[in-house]
>>> print(open('my_file06.cif').read())   # mmCIF, C-alpha atoms
data_target
loop_
_atom_site.label_atom_id
_atom_site.label_comp_id
_atom_site.auth_asym_id
_atom_site.auth_seq_id
_atom_site.Cartn_x
_atom_site.Cartn_y
_atom_site.Cartn_z
CA MET A 1087 -38.90 14.98 35.75
CA LYS A 1088 -40.66 18.19 34.64
CA ARG A 1089 -43.86 17.14 36.39
CA LEU A 1090 -41.91 16.32 39.55
CA LEU A 1091 -40.36 19.78 39.52
CA GLN A 1092 -43.77 21.35 39.08
CA LYS A 1093 -45.13 19.32 42.01
CA GLU A 1094 -42.15 20.29 44.17
CA VAL A 1095 -42.63 23.96 43.37
CA LEU A 1096 -46.36 23.73 44.22
CA ARG A 1097 -45.44 21.92 47.43
CA LEU A 1098 -43.06 24.71 48.40
CA ILE A 1099 -45.68 27.34 47.66
CA GLY A 1100 -48.32 25.40 49.60
CA LEU A 1101 -46.10 24.95 52.65
CA ALA A 1102 -45.07 28.60 52.53
CA LEU A 1103 -48.75 29.64 52.51
CA LEU A 1104 -49.46 27.26 55.37
CA GLY A 1105 -46.61 28.79 57.36
CA ALA A 1106 -47.93 32.27 56.60
CA ILE A 1107 -51.44 31.31 57.80
CA LEU A 1108 -50.11 29.80 61.02
CA GLY A 1109 -47.91 32.84 61.60
CA ALA A 1110 -50.89 35.13 61.03
CA PHE A 1111 -52.45 33.93 64.32
CA TRP A 1112 -49.55 35.64 66.08
CA GLY A 1113 -49.41 38.53 63.67
CA GLN A 1114 -46.20 37.20 62.06
CA ALA A 1115 -47.31 35.79 58.68
CA ALA A 1116 -43.97 36.53 56.94
CA LEU A 1117 -42.01 34.98 59.78
CA GLY A 1118 -44.12 31.84 59.60
CA ALA A 1119 -43.55 31.50 55.86
CA ALA A 1120 -39.80 32.13 56.34
CA CYS A 1121 -39.57 29.43 59.01
CA VAL A 1122 -41.26 26.88 56.76
CA LEU A 1123 -39.00 27.77 53.83
CA THR A 1124 -35.94 27.55 56.09
CA LEU A 1125 -36.94 24.05 57.17
CA LEU A 1126 -37.44 23.04 53.54
CA LEU A 1127 -34.04 24.50 52.62
CA ALA A 1128 -32.44 22.59 55.45
CA GLN A 1129 -34.08 19.41 54.19
CA HIS A 1130 -32.69 19.96 50.67
CA VAL A 1131 -29.20 20.72 52.05
CA TRP A 1132 -29.36 17.50 54.07
CA GLN A 1133 -30.33 15.54 50.94
CA LEU A 1134 -27.46 17.19 49.03
CA LEU A 1135 -25.03 16.15 51.77
CA ARG A 1136 -26.37 12.58 51.60
CA MET A 1137 -25.95 12.57 47.81
CA ALA A 1138 -22.39 13.97 48.05
CA HIS A 1139 -21.44 11.28 50.58
CA TRP A 1140 -22.95 8.57 48.38
CA LEU A 1141 -21.18 9.83 45.25
CA GLN A 1142 -17.88 9.65 47.15
CA ASN A 1143 -18.68 6.05 48.04
CA PRO A 1144 -20.49 4.72 44.96
CA ASP A 1145 -20.40 1.13 46.18
CA ASP A 1146 -22.71 2.01 49.10
CA THR A 1147 -26.49 1.56 48.91
CA PRO A 1148 -28.21 4.70 47.52
CA PRO A 1149 -30.00 6.85 50.18
CA GLU A 1150 -33.70 6.35 50.71
CA ALA A 1151 -35.91 9.32 49.84
CA ARG A 1152 -39.33 10.24 48.51
CA ARG A 1153 -40.67 12.46 45.77
CA LEU A 1154 -38.06 14.50 43.85
CA TRP A 1155 -34.99 13.33 45.74
CA GLY A 1156 -36.08 9.72 45.50
CA ASP A 1157 -36.26 9.98 41.73
CA ILE A 1158 -32.88 11.74 41.64
CA PHE A 1159 -31.20 9.01 43.70
CA ASP A 1160 -32.83 6.27 41.63
CA GLY A 1161 -31.80 7.96 38.37
CA ILE A 1162 -28.18 8.34 39.48
CA TYR A 1163 -28.12 4.75 40.74
CA HIS A 1164 -29.38 3.33 37.42
CA TYR A 1165 -26.98 5.57 35.48
CA GLN A 1166 -24.09 4.28 37.61
CA ARG A 1167 -25.10 0.69 36.93
CA ARG A 1168 -25.28 1.30 33.18
CA GLN A 1169 -21.89 3.01 33.24
CA LYS A 1170 -20.38 0.21 35.30
CA THR A 1171 -21.76 -2.41 32.90
CA ALA A 1172 -20.47 -0.49 29.86
CA LYS A 1173 -17.08 -0.06 31.54
CA GLN A 1174 -16.86 -3.80 32.25
CA GLN A 1175 -17.77 -4.61 28.65
CA LEU A 1176 -15.18 -2.17 27.30
CA SER A 1177 -12.57 -3.55 29.70
CA GLN A 1178 -13.33 -7.12 28.59
CA LEU A 1179 -13.21 -6.08 24.93
CA LEU A 1180 -9.88 -4.32 25.47
CA GLU A 1181 -8.49 -7.40 27.20
CA ARG A 1182 -9.66 -9.58 24.30
CA ILE A 1183 -8.06 -7.23 21.78
CA GLN A 1184 -4.80 -7.24 23.73
CA ASP A 1185 -4.88 -11.03 24.14
CA SER A 1186 -5.56 -11.56 20.43
CA SER A 1187 -2.82 -9.06 19.53
CA GLN A 1188 -0.40 -10.88 21.79
CA ALA A 1189 -1.29 -14.14 20.04
CA LEU A 1190 -0.44 -12.76 16.59
CA ARG A 1191 2.77 -13.92 14.94
CA ASP A 1192 3.18 -10.50 13.34
CA GLY A 1193 4.52 -7.65 15.40
CA ILE A 1194 2.27 -4.69 16.25
CA VAL A 1195 3.61 -1.40 17.61
CA MET A 1196 1.47 1.63 18.49
CA ILE A 1197 3.25 4.97 18.08
CA ASP A 1198 1.79 8.20 19.46
CA HIS A 1199 1.60 11.56 17.68
CA ASN A 1200 5.09 12.48 18.94
CA GLY A 1201 6.63 9.37 17.39
CA ASP A 1202 7.13 7.66 20.75
CA LEU A 1203 6.49 3.98 21.48
CA GLU A 1204 3.19 3.54 23.27
CA TRP A 1205 2.37 -0.19 23.17
CA TRP A 1206 3.52 -3.38 21.41
CA ASN A 1207 2.78 -7.09 21.46
CA GLN A 1208 5.10 -9.99 22.27
CA ALA A 1209 5.97 -10.67 18.63
CA ALA A 1210 7.17 -7.07 18.17
CA GLU A 1211 9.12 -7.33 21.42
CA GLN A 1212 10.98 -10.36 20.10
CA MET A 1213 11.51 -9.01 16.58
CA LEU A 1214 12.77 -5.59 17.67
CA GLY A 1215 14.28 -6.48 21.05
CA LEU A 1216 12.02 -4.08 22.95
CA SER A 1217 11.89 -3.76 26.73
CA ALA A 1218 8.82 -2.41 28.53
CA ASN A 1219 10.95 -0.91 31.32
CA SER A 1220 13.35 1.10 29.17
CA ASP A 1221 11.80 1.54 25.70
CA ARG A 1222 8.25 2.67 26.43
CA GLY A 1223 7.97 6.35 25.57
CA GLN A 1224 11.15 6.33 23.48
CA PRO A 1225 11.09 7.59 19.85
CA ILE A 1226 10.84 4.74 17.34
CA THR A 1227 13.71 6.22 15.30
CA TYR A 1228 16.03 5.86 18.32
CA LEU A 1229 15.53 2.11 18.24
CA LEU A 1230 15.36 1.59 14.46
CA ARG A 1231 18.16 3.83 13.24
CA ASN A 1232 18.60 2.32 9.79
CA PRO A 1233 18.52 5.28 7.32
CA LYS A 1234 16.10 3.37 5.09
CA PHE A 1235 13.58 3.06 7.93
CA VAL A 1236 14.08 6.66 9.05
CA ASP A 1237 13.38 7.91 5.50
CA TYR A 1238 10.37 5.60 5.19
CA TYR A 1239 9.01 6.81 8.53
CA GLU A 1240 9.54 10.53 7.93
CA GLN A 1241 8.36 10.68 4.30
CA GLN A 1242 4.92 9.32 5.34
CA ASN A 1243 4.49 7.51 2.02
CA TYR A 1244 3.16 4.24 3.38
CA LEU A 1245 1.48 2.78 0.30
CA ASP A 1246 4.17 0.09 -0.03
CA PRO A 1247 5.87 -1.76 2.83
CA LEU A 1248 9.57 -1.50 3.60
CA MET A 1249 11.65 -4.68 3.62
CA MET A 1250 15.08 -4.75 5.23
CA PRO A 1251 17.23 -7.00 7.44
CA SER A 1252 16.64 -7.04 11.18
CA HIS A 1253 19.00 -4.88 13.23
CA LEU A 1254 19.32 -7.81 15.66
CA ASN A 1255 20.07 -10.49 13.06
CA GLU A 1256 21.00 -9.55 9.49
CA GLU A 1257 20.00 -13.01 8.25
CA ARG A 1258 16.41 -12.29 9.31
CA MET A 1259 14.35 -10.26 6.82
CA LEU A 1260 11.55 -8.11 8.22
CA GLU A 1261 8.78 -6.25 6.42
CA TYR A 1262 7.58 -2.97 7.96
CA HIS A 1263 4.22 -1.44 7.10
CA ILE A 1264 2.99 1.77 8.76
CA THR A 1265 -0.62 2.96 8.88
CA LEU A 1266 -1.66 6.45 9.96
CA PHE A 1267 -4.68 6.84 12.26
CA GLY A 1268 -6.14 9.26 14.77
CA LYS A 1269 -4.24 12.53 15.24
CA ASN A 1270 -0.99 11.72 13.42
CA GLU A 1271 -0.64 8.44 15.33
CA ARG A 1272 0.84 5.38 13.66
CA LEU A 1273 0.40 1.63 13.74
CA LEU A 1274 3.55 -0.28 12.78
CA LEU A 1275 3.05 -3.85 11.51
CA ILE A 1276 6.12 -6.10 11.35
CA ARG A 1277 6.21 -9.38 9.49
CA ASP A 1278 8.99 -11.95 9.32
CA CYS A 1279 9.60 -12.59 5.61
CA THR A 1280 12.76 -14.65 5.98
CA LYS A 1281 11.21 -17.88 4.67
CA MET A 1282 9.49 -16.13 1.79
CA GLN A 1283 12.71 -14.33 0.94
CA ARG A 1284 14.59 -17.63 0.88
CA LEU A 1285 11.95 -19.25 -1.29
CA GLU A 1286 12.04 -16.28 -3.67
CA ARG A 1287 15.83 -16.52 -3.80
CA MET A 1288 15.58 -20.24 -4.50
CA ARG A 1289 13.11 -19.54 -7.32
CA GLN A 1290 15.36 -16.90 -8.82
CA ASP A 1291 18.41 -19.14 -8.58
CA PHE A 1292 16.48 -22.03 -10.11
CA VAL A 1293 15.27 -19.94 -13.05
CA ALA A 1294 18.73 -18.47 -13.59
CA ASN A 1295 20.49 -21.84 -13.39
CA VAL A 1296 18.00 -23.65 -15.61
CA SER A 1297 18.07 -20.86 -18.16
CA HIS A 1298 21.85 -20.84 -18.16
CA GLU A 1299 22.05 -24.62 -18.51
CA LEU A 1300 19.55 -24.58 -21.38
CA ARG A 1301 21.67 -22.15 -23.35
CA THR A 1302 24.35 -24.68 -24.33
CA PRO A 1303 22.08 -27.46 -25.67
CA LEU A 1304 19.92 -24.88 -27.45
CA THR A 1305 23.00 -23.38 -29.08
CA VAL A 1306 24.13 -26.83 -30.26
CA LEU A 1307 20.65 -27.67 -31.50
CA ALA A 1308 20.31 -24.36 -33.33
CA GLY A 1309 23.73 -24.83 -34.92
CA TYR A 1310 22.90 -28.26 -36.31
CA LEU A 1311 19.48 -27.10 -37.47
CA GLU A 1312 21.13 -24.23 -39.32
CA THR A 1313 23.55 -26.68 -40.94
CA PHE A 1314 20.71 -29.00 -41.94
CA SER A 1315 18.80 -26.02 -43.33
CA ASP A 1316 21.63 -25.46 -45.83
CA TYR A 1317 20.79 -28.85 -47.35
CA ALA A 1318 17.02 -28.56 -46.95
CA ASP A 1319 16.47 -28.75 -50.71
CA GLU A 1320 17.91 -32.27 -50.74
CA LEU A 1321 15.51 -33.50 -48.06
CA PRO A 1322 11.99 -34.88 -48.62
CA ALA A 1323 9.16 -32.32 -48.43
CA ARG A 1324 7.78 -33.62 -45.10
CA TRP A 1325 11.26 -33.38 -43.56
CA GLN A 1326 11.63 -29.83 -44.81
CA ARG A 1327 8.46 -28.82 -42.98
CA GLY A 1328 9.68 -30.50 -39.75
CA LEU A 1329 13.05 -28.85 -40.09
CA LYS A 1330 11.41 -25.44 -40.47
CA LEU A 1331 9.20 -25.96 -37.40
CA MET A 1332 12.16 -27.12 -35.32
CA SER A 1333 14.18 -24.06 -36.34
CA GLU A 1334 11.32 -21.73 -35.40
CA GLN A 1335 10.75 -23.38 -32.03
CA SER A 1336 14.49 -23.46 -31.33
CA ALA A 1337 14.70 -19.72 -31.99
CA ARG A 1338 11.69 -19.16 -29.78
CA MET A 1339 13.27 -21.15 -26.96
CA GLU A 1340 16.51 -19.18 -27.29
CA HIS A 1341 14.52 -15.95 -27.04
CA LEU A 1342 12.66 -17.26 -23.97
CA VAL A 1343 15.91 -18.28 -22.24
CA SER A 1344 17.43 -14.89 -23.03
CA GLU A 1345 14.48 -13.05 -21.49
CA LEU A 1346 14.48 -15.32 -18.43
CA LEU A 1347 18.14 -14.53 -17.87
CA THR A 1348 17.46 -10.83 -18.34
CA LEU A 1349 14.61 -10.93 -15.83
CA SER A 1350 16.72 -12.91 -13.36
CA ARG A 1351 19.55 -10.40 -13.65
CA LEU A 1352 17.16 -7.49 -13.04
CA GLU A 1353 15.79 -9.17 -9.92
CA THR A 1354 19.11 -10.11 -8.35
CA SER A 1355 21.71 -7.54 -9.40
CA GLU A 1356 22.23 -4.12 -7.89
CA PHE A 1357 21.15 -1.09 -9.87
CA LYS A 1358 23.93 1.09 -11.33
CA ALA A 1359 22.97 4.30 -13.08
CA GLU A 1360 25.10 5.79 -15.83
CA ALA A 1361 27.38 8.62 -14.78
CA GLU A 1362 26.34 10.68 -17.79
CA PRO A 1363 22.73 11.49 -18.75
CA ILE A 1364 21.24 9.32 -21.50
CA ASP A 1365 20.07 10.87 -24.75
CA ILE A 1366 16.60 9.34 -24.81
CA THR A 1367 15.77 10.95 -28.15
CA GLN A 1368 18.63 9.16 -29.87
CA LEU A 1369 17.72 5.92 -28.10
CA LEU A 1370 14.09 6.13 -29.24
CA THR A 1371 15.18 6.89 -32.80
CA CYS A 1372 17.27 3.71 -32.92
CA ILE A 1373 14.43 1.66 -31.39
CA SER A 1374 11.89 3.04 -33.88
CA ASN A 1375 14.20 2.14 -36.80
CA ASP A 1376 14.52 -1.42 -35.46
CA ALA A 1377 10.74 -1.60 -35.02
CA LEU A 1378 10.17 -0.50 -38.63
CA ALA A 1379 12.58 -3.18 -39.80
CA LEU A 1380 10.73 -5.74 -37.68
CA SER A 1381 7.39 -4.81 -39.24
CA GLY A 1382 8.79 -4.57 -42.77
CA HIS A 1383 7.81 -0.88 -42.81
CA LYS A 1384 4.14 -1.91 -42.62
CA HIS A 1385 3.53 0.32 -39.60
CA LYS A 1386 3.87 4.07 -39.14
CA ILE A 1387 5.92 5.26 -36.18
CA GLN A 1388 5.74 8.90 -35.04
CA LEU A 1389 8.21 10.52 -32.65
CA GLU A 1390 7.06 13.39 -30.46
CA VAL A 1391 10.07 14.00 -28.22
CA ASN A 1392 11.67 16.77 -26.25
CA LYS A 1393 15.22 16.62 -27.61
CA LEU A 1394 16.64 18.54 -24.66
CA LEU A 1395 15.19 16.17 -22.03
CA GLN A 1396 17.60 13.47 -20.82
CA LEU A 1397 17.48 10.82 -18.12
CA ARG A 1398 19.97 9.34 -15.69
CA GLY A 1399 19.82 5.56 -15.63
CA ASN A 1400 21.15 2.35 -17.13
CA ILE A 1401 21.03 2.64 -20.90
CA ASN A 1402 20.99 -1.11 -21.55
CA GLU A 1403 18.06 -1.67 -19.19
CA LEU A 1404 16.13 1.29 -20.59
CA ARG A 1405 16.77 0.10 -24.15
CA SER A 1406 15.41 -3.32 -23.19
CA ALA A 1407 12.28 -1.84 -21.57
CA PHE A 1408 11.50 0.66 -24.34
CA SER A 1409 12.17 -1.93 -27.06
CA ASN A 1410 9.72 -4.35 -25.46
CA LEU A 1411 6.98 -1.73 -25.47
CA VAL A 1412 7.58 -0.60 -29.05
CA PHE A 1413 8.07 -4.12 -30.46
CA ASN A 1414 4.89 -5.28 -28.70
CA ALA A 1415 3.01 -2.43 -30.36
CA VAL A 1416 4.33 -3.63 -33.73
CA LYS A 1417 3.57 -7.30 -33.07
CA TYR A 1418 0.08 -6.90 -31.69
CA THR A 1419 -1.35 -4.20 -33.99
CA PRO A 1420 -2.49 -4.81 -37.58
CA GLU A 1421 -0.52 -3.59 -40.58
CA GLY A 1422 -1.00 0.10 -41.33
CA SER A 1423 -1.40 1.02 -37.65
CA THR A 1424 0.19 4.18 -36.28
CA ILE A 1425 2.45 3.99 -33.22
CA THR A 1426 3.30 7.24 -31.44
CA LEU A 1427 6.30 7.60 -29.11
CA SER A 1428 6.10 10.66 -26.83
CA TRP A 1429 8.95 11.79 -24.54
CA TYR A 1430 8.11 14.78 -22.33
CA TYR A 1431 8.19 16.12 -18.80
CA ASP A 1432 5.99 18.01 -16.34
CA ASN A 1433 5.98 18.82 -12.64
CA ALA A 1434 5.68 15.11 -11.77
CA GLY A 1435 8.79 14.08 -13.72
CA ALA A 1436 9.65 12.59 -17.11
CA HIS A 1437 7.30 10.38 -19.12
CA LEU A 1438 7.55 8.06 -22.11
CA THR A 1439 4.30 7.11 -23.86
CA VAL A 1440 3.90 4.34 -26.44
CA GLN A 1441 0.45 4.64 -28.00
CA ASP A 1442 -1.12 2.69 -30.85
CA ASN A 1443 -4.48 2.63 -32.61
CA GLY A 1444 -4.77 -1.14 -32.77
CA GLN A 1445 -7.46 -3.49 -31.52
CA GLY A 1446 -6.89 -2.67 -27.82
CA ILE A 1447 -7.03 -4.89 -24.74
CA ASP A 1448 -10.02 -5.78 -22.59
CA GLY A 1449 -9.89 -3.97 -19.24
CA LYS A 1450 -10.05 -7.23 -17.24
CA HIS A 1451 -6.55 -8.13 -18.45
CA LEU A 1452 -4.78 -4.85 -17.67
CA LYS A 1453 -3.83 -5.53 -14.04
CA PHE A 1454 -2.29 -8.91 -14.97
CA LEU A 1455 -0.23 -7.84 -17.97
CA THR A 1456 3.02 -7.38 -16.03
CA GLN A 1457 2.87 -10.87 -14.53
CA ARG A 1458 5.29 -13.45 -15.84
CA PHE A 1459 3.99 -15.56 -18.75
CA TYR A 1460 0.58 -13.85 -18.72
CA ARG A 1461 -0.96 -13.75 -22.18
CA VAL A 1462 -4.15 -12.05 -23.28
CA ASP A 1463 -4.53 -14.46 -26.20
CA ASP A 1464 -2.41 -17.64 -26.33
CA SER A 1465 -3.00 -18.17 -30.03
CA ARG A 1466 -1.92 -14.64 -30.89
CA SER A 1467 1.20 -14.95 -28.73
CA SER A 1468 2.19 -18.22 -30.41
CA GLN A 1469 1.86 -16.59 -33.81
CA THR A 1470 4.03 -13.61 -32.87
CA GLY A 1471 6.56 -15.59 -30.84
CA GLY A 1472 5.77 -13.80 -27.59
CA THR A 1473 7.11 -15.21 -24.31
CA GLY A 1474 4.87 -13.36 -21.83
CA LEU A 1475 7.94 -11.86 -20.11
CA GLY A 1476 8.30 -8.56 -21.95
CA LEU A 1477 6.12 -6.43 -19.69
CA ALA A 1478 7.52 -8.13 -16.59
CA ILE A 1479 10.96 -6.97 -17.73
CA VAL A 1480 9.60 -3.47 -18.31
CA LYS A 1481 8.12 -3.36 -14.80
CA HIS A 1482 11.37 -4.44 -13.15
CA VAL A 1483 13.45 -1.96 -15.16
CA LEU A 1484 11.13 0.87 -14.09
CA LEU A 1485 11.21 -0.23 -10.45
CA ARG A 1486 15.02 -0.11 -10.56
CA HIS A 1487 14.71 3.45 -11.91
CA GLN A 1488 12.18 4.44 -9.20
CA GLY A 1489 9.50 4.58 -11.90
CA ARG A 1490 6.24 2.86 -12.66
CA LEU A 1491 4.28 1.59 -15.65
CA GLU A 1492 0.74 2.79 -16.38
CA ILE A 1493 -1.44 0.92 -18.88
CA SER A 1494 -4.69 2.11 -20.40
CA SER A 1495 -6.58 0.52 -23.27
CA THR A 1496 -9.96 0.52 -24.96
CA VAL A 1497 -11.11 -2.35 -27.15
CA GLY A 1498 -11.26 -1.22 -30.75
CA GLN A 1499 -9.41 2.06 -30.10
CA GLY A 1500 -5.90 1.05 -29.12
CA SER A 1501 -3.59 0.96 -26.10
CA CYS A 1502 -1.32 3.37 -24.29
CA PHE A 1503 1.71 2.32 -22.19
CA THR A 1504 3.27 5.13 -20.13
CA CYS A 1505 6.57 4.97 -18.24
CA HIS A 1506 6.74 7.50 -15.41
CA PHE A 1507 10.15 8.54 -14.04
CA PRO A 1508 10.77 10.74 -10.97
CA ALA A 1509 12.04 14.27 -11.43
CA SER A 1510 15.24 13.33 -9.54
CA LEU A 1511 16.41 11.30 -12.58
CA MET A 1512 15.45 13.99 -15.07
CA CYS A 1513 18.16 16.12 -16.68
CA LEU A 1514 17.75 19.14 -18.97
CA THR A 1515 20.43 20.76 -21.08
CA PRO A 1516 21.48 24.24 -19.90
CA SER A 1517 19.58 26.00 -22.68
CA GLN A 1518 16.32 24.35 -21.49
CA SER A 1519 16.86 24.46 -17.77
#
>>> encode(input="my_file06.cif", output="structure tokens")
Amino acid sequence: MKRLLQKEVLRLIGLALLGAILGAFWGQAALGAACVLTLLLAQHVWQLLRMAHWLQNPDDTPPEARRLWGDIFDGIYHYQRRQKTAKQQLSQLLERIQDSSQALRDGIVMIDHNGDLEWWNQAAEQMLGLSANSDRGQPITYLLRNPKFVDYYEQQNYLDPLMMPSHLNEERMLEYHITLFGKNERLLLIRDCTKMQRLERMRQDFVANVSHELRTPLTVLAGYLETFSDYADELPARWQRGLKLMSEQSARMEHLVSELLTLSRLETSEFKAEAEPIDITQLLTCISNDALALSGHKHKIQLEVNKLLQLRGNINELRSAFSNLVFNAVKYTPEGSTITLSWYYDNAGAHLTVQDNGQGIDGKHLKFLTQRFYRVDDSRSSQTGGTGLGLAIVKHVLLRHQGRLEISSTVGQGSCFTCHFPASLMCLTPSQS
């Protein structure tokens, strides 16, 4: 293009000189050059008009021209073809994306930066009862007015999905998950979890019913075993050993059933916090005394607590969660180990830490510890009578108190279990606050 411009400039200069030479025969050299330049200007204006007409009608054949204008027309024509091809490809891709989105069973809703509905697929239309004629451009909170959804939408904490009944059919359970993108735009994903919710309810009912039904025969069995144990000295030696094993396994089964019922109750019942703040210091003191009795005073338990810091919650559930953590530290650390209980607060809320200097846990196990019946070492759990439900109970208790459990451990150095509670549940005595 640069060379073409140079040639065109030289051509203009050459023609202007030619016009000046011709005009010199009549003594009008300047007039001759001006006439030539005027003709050239007229030619360029004509080419500009042709180009403007073509650009207004891009489907027409490009104008024919030579030299600079020919290259300009050809360049524009090829650029138009590339743009048209790219536009067709983008249009086809957009159609494919829309078709695939329409085929999804999960609902998809696009929300603009103002919070208004911009686009949705057929599944979302059916789940939410949307209408393209009346709902497009409407705020999402006008259609989903449930306070839970409004809080979830406005708080912009979208790490976990929101599950709640459909506003069209309360028997239908929907899961909402929002993702931020672009300039404060949102993508709302909706999934029908009704079947999964029913299956989960069936599992909970099954566990609760089986655990409840097992209680009676286990109580009868334990009662007879206790009676037989009173006359164990009169039995043969091999029977005495069998009687002892049956008593131990019966007690273990009773403990398992009790924890299953506790876990089932935590999953199904509604949370009720105590009206009065709980004295966590007193609660931890009682738990530490029970832990020392469990270990036969073979462990050392240290309390580092803020005596003025209290917590609103369910004392029975918190006692169950804290006891599980402390008793686990006693069971799974060697004799002579030190267990430290810390109760403190900071800007993030209140925290309880149970730390030991035992053998620790391999990092690959940490993310599975709160799963039901998960055991790091089956042989060690059988020796200590563990059920694999303790940390699952702790997790559910903390979830009911809007808290979370954090686990850190290093093999050979010990483990640290931290319960984090939100500042909204925290309560300080007047002298501290």
>>> residues_near_point(input="my_file06.cif", point="(-7.4, -1.6, -33.4)", cutoff="10 Å", atoms="all atoms listed in the file", output="MDAnalysis selection string")
chainID A and resid 1418:1420 1423:1424 1442:1447 1496:1501
>>> atom_distance(input="my_file06.cif", atom1="atom CA of A:Tyr1262", atom2="atom CA of A:Lys1281")
15.7 Å
>>> axis_aligned_box(input="my_file06.cif", around="stretch 1402-1410 of chain A", padding_each_side="6 Å", output="AutoDock Vina command-line options")
--center_x 15.4 --center_y -1.5 --center_z -23.1 --size_x 23.3 --size_y 17.6 --size_z 19.9
>>> atom_distance(input="my_file06.cif", atom1="atom CA of A:His1487", atom2="atom CA of A:Tyr1239")
21.5 Å
>>> closest_atom_pairs(input="my_file06.cif", of="stretch 1237-1332 of chain A", to="stretch 1340-1364 of chain A", cutoff="10 Å", atoms="all atoms listed in the file", output="Markdown table")
| residue | atom | partner | partner_atom | distance |
| --- | --- | --- | --- | --- |
| A:Arg1287 | CA | A:Thr1354 | CA | 8.5 |
| A:Arg1289 | CA | A:Ser1350 | CA | 9.7 |
| A:Gln1290 | CA | A:Ser1350 | CA | 6.2 |
| A:Asp1291 | CA | A:Ser1350 | CA | 8.0 |
| A:Phe1292 | CA | A:Ser1350 | CA | 9.7 |
| A:Val1293 | CA | A:Leu1346 | CA | 7.1 |
| A:Ala1294 | CA | A:Leu1347 | CA | 5.8 |
| A:Asn1295 | CA | A:Leu1347 | CA | 8.9 |
| A:Val1296 | CA | A:Val1343 | CA | 8.8 |
| A:Ser1297 | CA | A:Val1343 | CA | 5.3 |
| A:His1298 | CA | A:Leu1347 | CA | 7.3 |
| A:Glu1299 | CA | A:Val1343 | CA | 9.6 |
| A:Leu1300 | CA | A:Val1343 | CA | 7.3 |
| A:Arg1301 | CA | A:Val1343 | CA | 7.0 |
| A:Leu1304 | CA | A:Glu1340 | CA | 6.6 |
| A:Thr1305 | CA | A:Glu1340 | CA | 7.9 |
| A:Ala1308 | CA | A:Glu1340 | CA | 8.8 |
>>> write_last_selection(input="my_file06.cif", atoms="C-alpha atoms", output="CSV table (one decimal), in the frame of the given file")
chain,number,residue,atom,x,y,z
A,1287,ARG,CA,15.8,-16.5,-3.8
A,1289,ARG,CA,13.1,-19.5,-7.3
A,1290,GLN,CA,15.4,-16.9,-8.8
A,1291,ASP,CA,18.4,-19.1,-8.6
A,1292,PHE,CA,16.5,-22.0,-10.1
A,1293,VAL,CA,15.3,-19.9,-13.0
A,1294,ALA,CA,18.7,-18.5,-13.6
A,1295,ASN,CA,20.5,-21.8,-13.4
A,1296,VAL,CA,18.0,-23.6,-15.6
A,1297,SER,CA,18.1,-20.9,-18.2
A,1298,HIS,CA,21.8,-20.8,-18.2
A,1299,GLU,CA,22.0,-24.6,-18.5
A,1300,LEU,CA,19.6,-24.6,-21.4
A,1301,ARG,CA,21.7,-22.2,-23.4
A,1304,LEU,CA,19.9,-24.9,-27.4
A,1305,THR,CA,23.0,-23.4,-29.1
A,1308,ALA,CA,20.3,-24.4,-33.3
>>> residues_near_point(input="my_file06.cif", point="(16.2, 7.3, -31.2)", cutoff="12 Å", atoms="all atoms listed in the file", output="PyMOL selection string")
chain A and resi 1364-1377+1387-1393+1405+1408-1409+1412+1427-1429
>>> write_last_selection(input="my_file06.cif", atoms="C-alpha atoms", output="compact mmCIF listing (two decimals), in the coordinates of the input")
# COMPACT_ATOMS: atom_id res chain seq x y z
CA ILE A 1364 21.24 9.32 -21.50
CA ASP A 1365 20.07 10.87 -24.75
CA ILE A 1366 16.60 9.34 -24.81
CA THR A 1367 15.77 10.95 -28.15
CA GLN A 1368 18.63 9.16 -29.87
CA LEU A 1369 17.72 5.92 -28.10
CA LEU A 1370 14.09 6.13 -29.24
CA THR A 1371 15.18 6.89 -32.80
CA CYS A 1372 17.27 3.71 -32.92
CA ILE A 1373 14.43 1.66 -31.39
CA SER A 1374 11.89 3.04 -33.88
CA ASN A 1375 14.20 2.14 -36.80
CA ASP A 1376 14.52 -1.42 -35.46
CA ALA A 1377 10.74 -1.60 -35.02
CA ILE A 1387 5.92 5.26 -36.18
CA GLN A 1388 5.74 8.90 -35.04
CA LEU A 1389 8.21 10.52 -32.65
CA GLU A 1390 7.06 13.39 -30.46
CA VAL A 1391 10.07 14.00 -28.22
CA ASN A 1392 11.67 16.77 -26.25
CA LYS A 1393 15.22 16.62 -27.61
CA ARG A 1405 16.77 0.10 -24.15
CA PHE A 1408 11.50 0.66 -24.34
CA SER A 1409 12.17 -1.93 -27.06
CA VAL A 1412 7.58 -0.60 -29.05
CA LEU A 1427 6.30 7.60 -29.11
CA SER A 1428 6.10 10.66 -26.83
CA TRP A 1429 8.95 11.79 -24.54
>>> atom_distance(input="my_file06.cif", atom1="atom CA of A:Phe1507", atom2="atom CA of A:Leu1485")
9.5 Å
>>> closest_residue(input="my_file06.cif", among="A:Gln1208, A:Ile1194, A:Ser1336, A:Pro1247", to="A:Leu1274", atoms="all atoms listed in the file")
A:Ile1194
>>> residues_around(input="my_file06.cif", residues="A:His1263", least_positions_apart="5", cutoff="10 Å", atoms="all atoms listed in the file", output="short mmCIF file (atom, residue, chain, number, x, y, z; two decimals) with C-alpha atoms, in the coordinates of the input")
data_model
loop_
_atom_site.label_atom_id
_atom_site.label_comp_id
_atom_site.auth_asym_id
_atom_site.auth_seq_id
_atom_site.Cartn_x
_atom_site.Cartn_y
_atom_site.Cartn_z
CA ILE A 1194 2.27 -4.69 16.25
CA TYR A 1238 10.37 5.60 5.19
CA TYR A 1239 9.01 6.81 8.53
CA TYR A 1244 3.16 4.24 3.38
CA LEU A 1245 1.48 2.78 0.30
CA ASP A 1246 4.17 0.09 -0.03
CA PRO A 1247 5.87 -1.76 2.83
CA LEU A 1248 9.57 -1.50 3.60
CA MET A 1249 11.65 -4.68 3.62
CA LEU A 1273 0.40 1.63 13.74
CA LEU A 1274 3.55 -0.28 12.78
CA LEU A 1275 3.05 -3.85 11.51
CA ILE A 1276 6.12 -6.10 11.35
CA ARG A 1277 6.21 -9.38 9.49
#
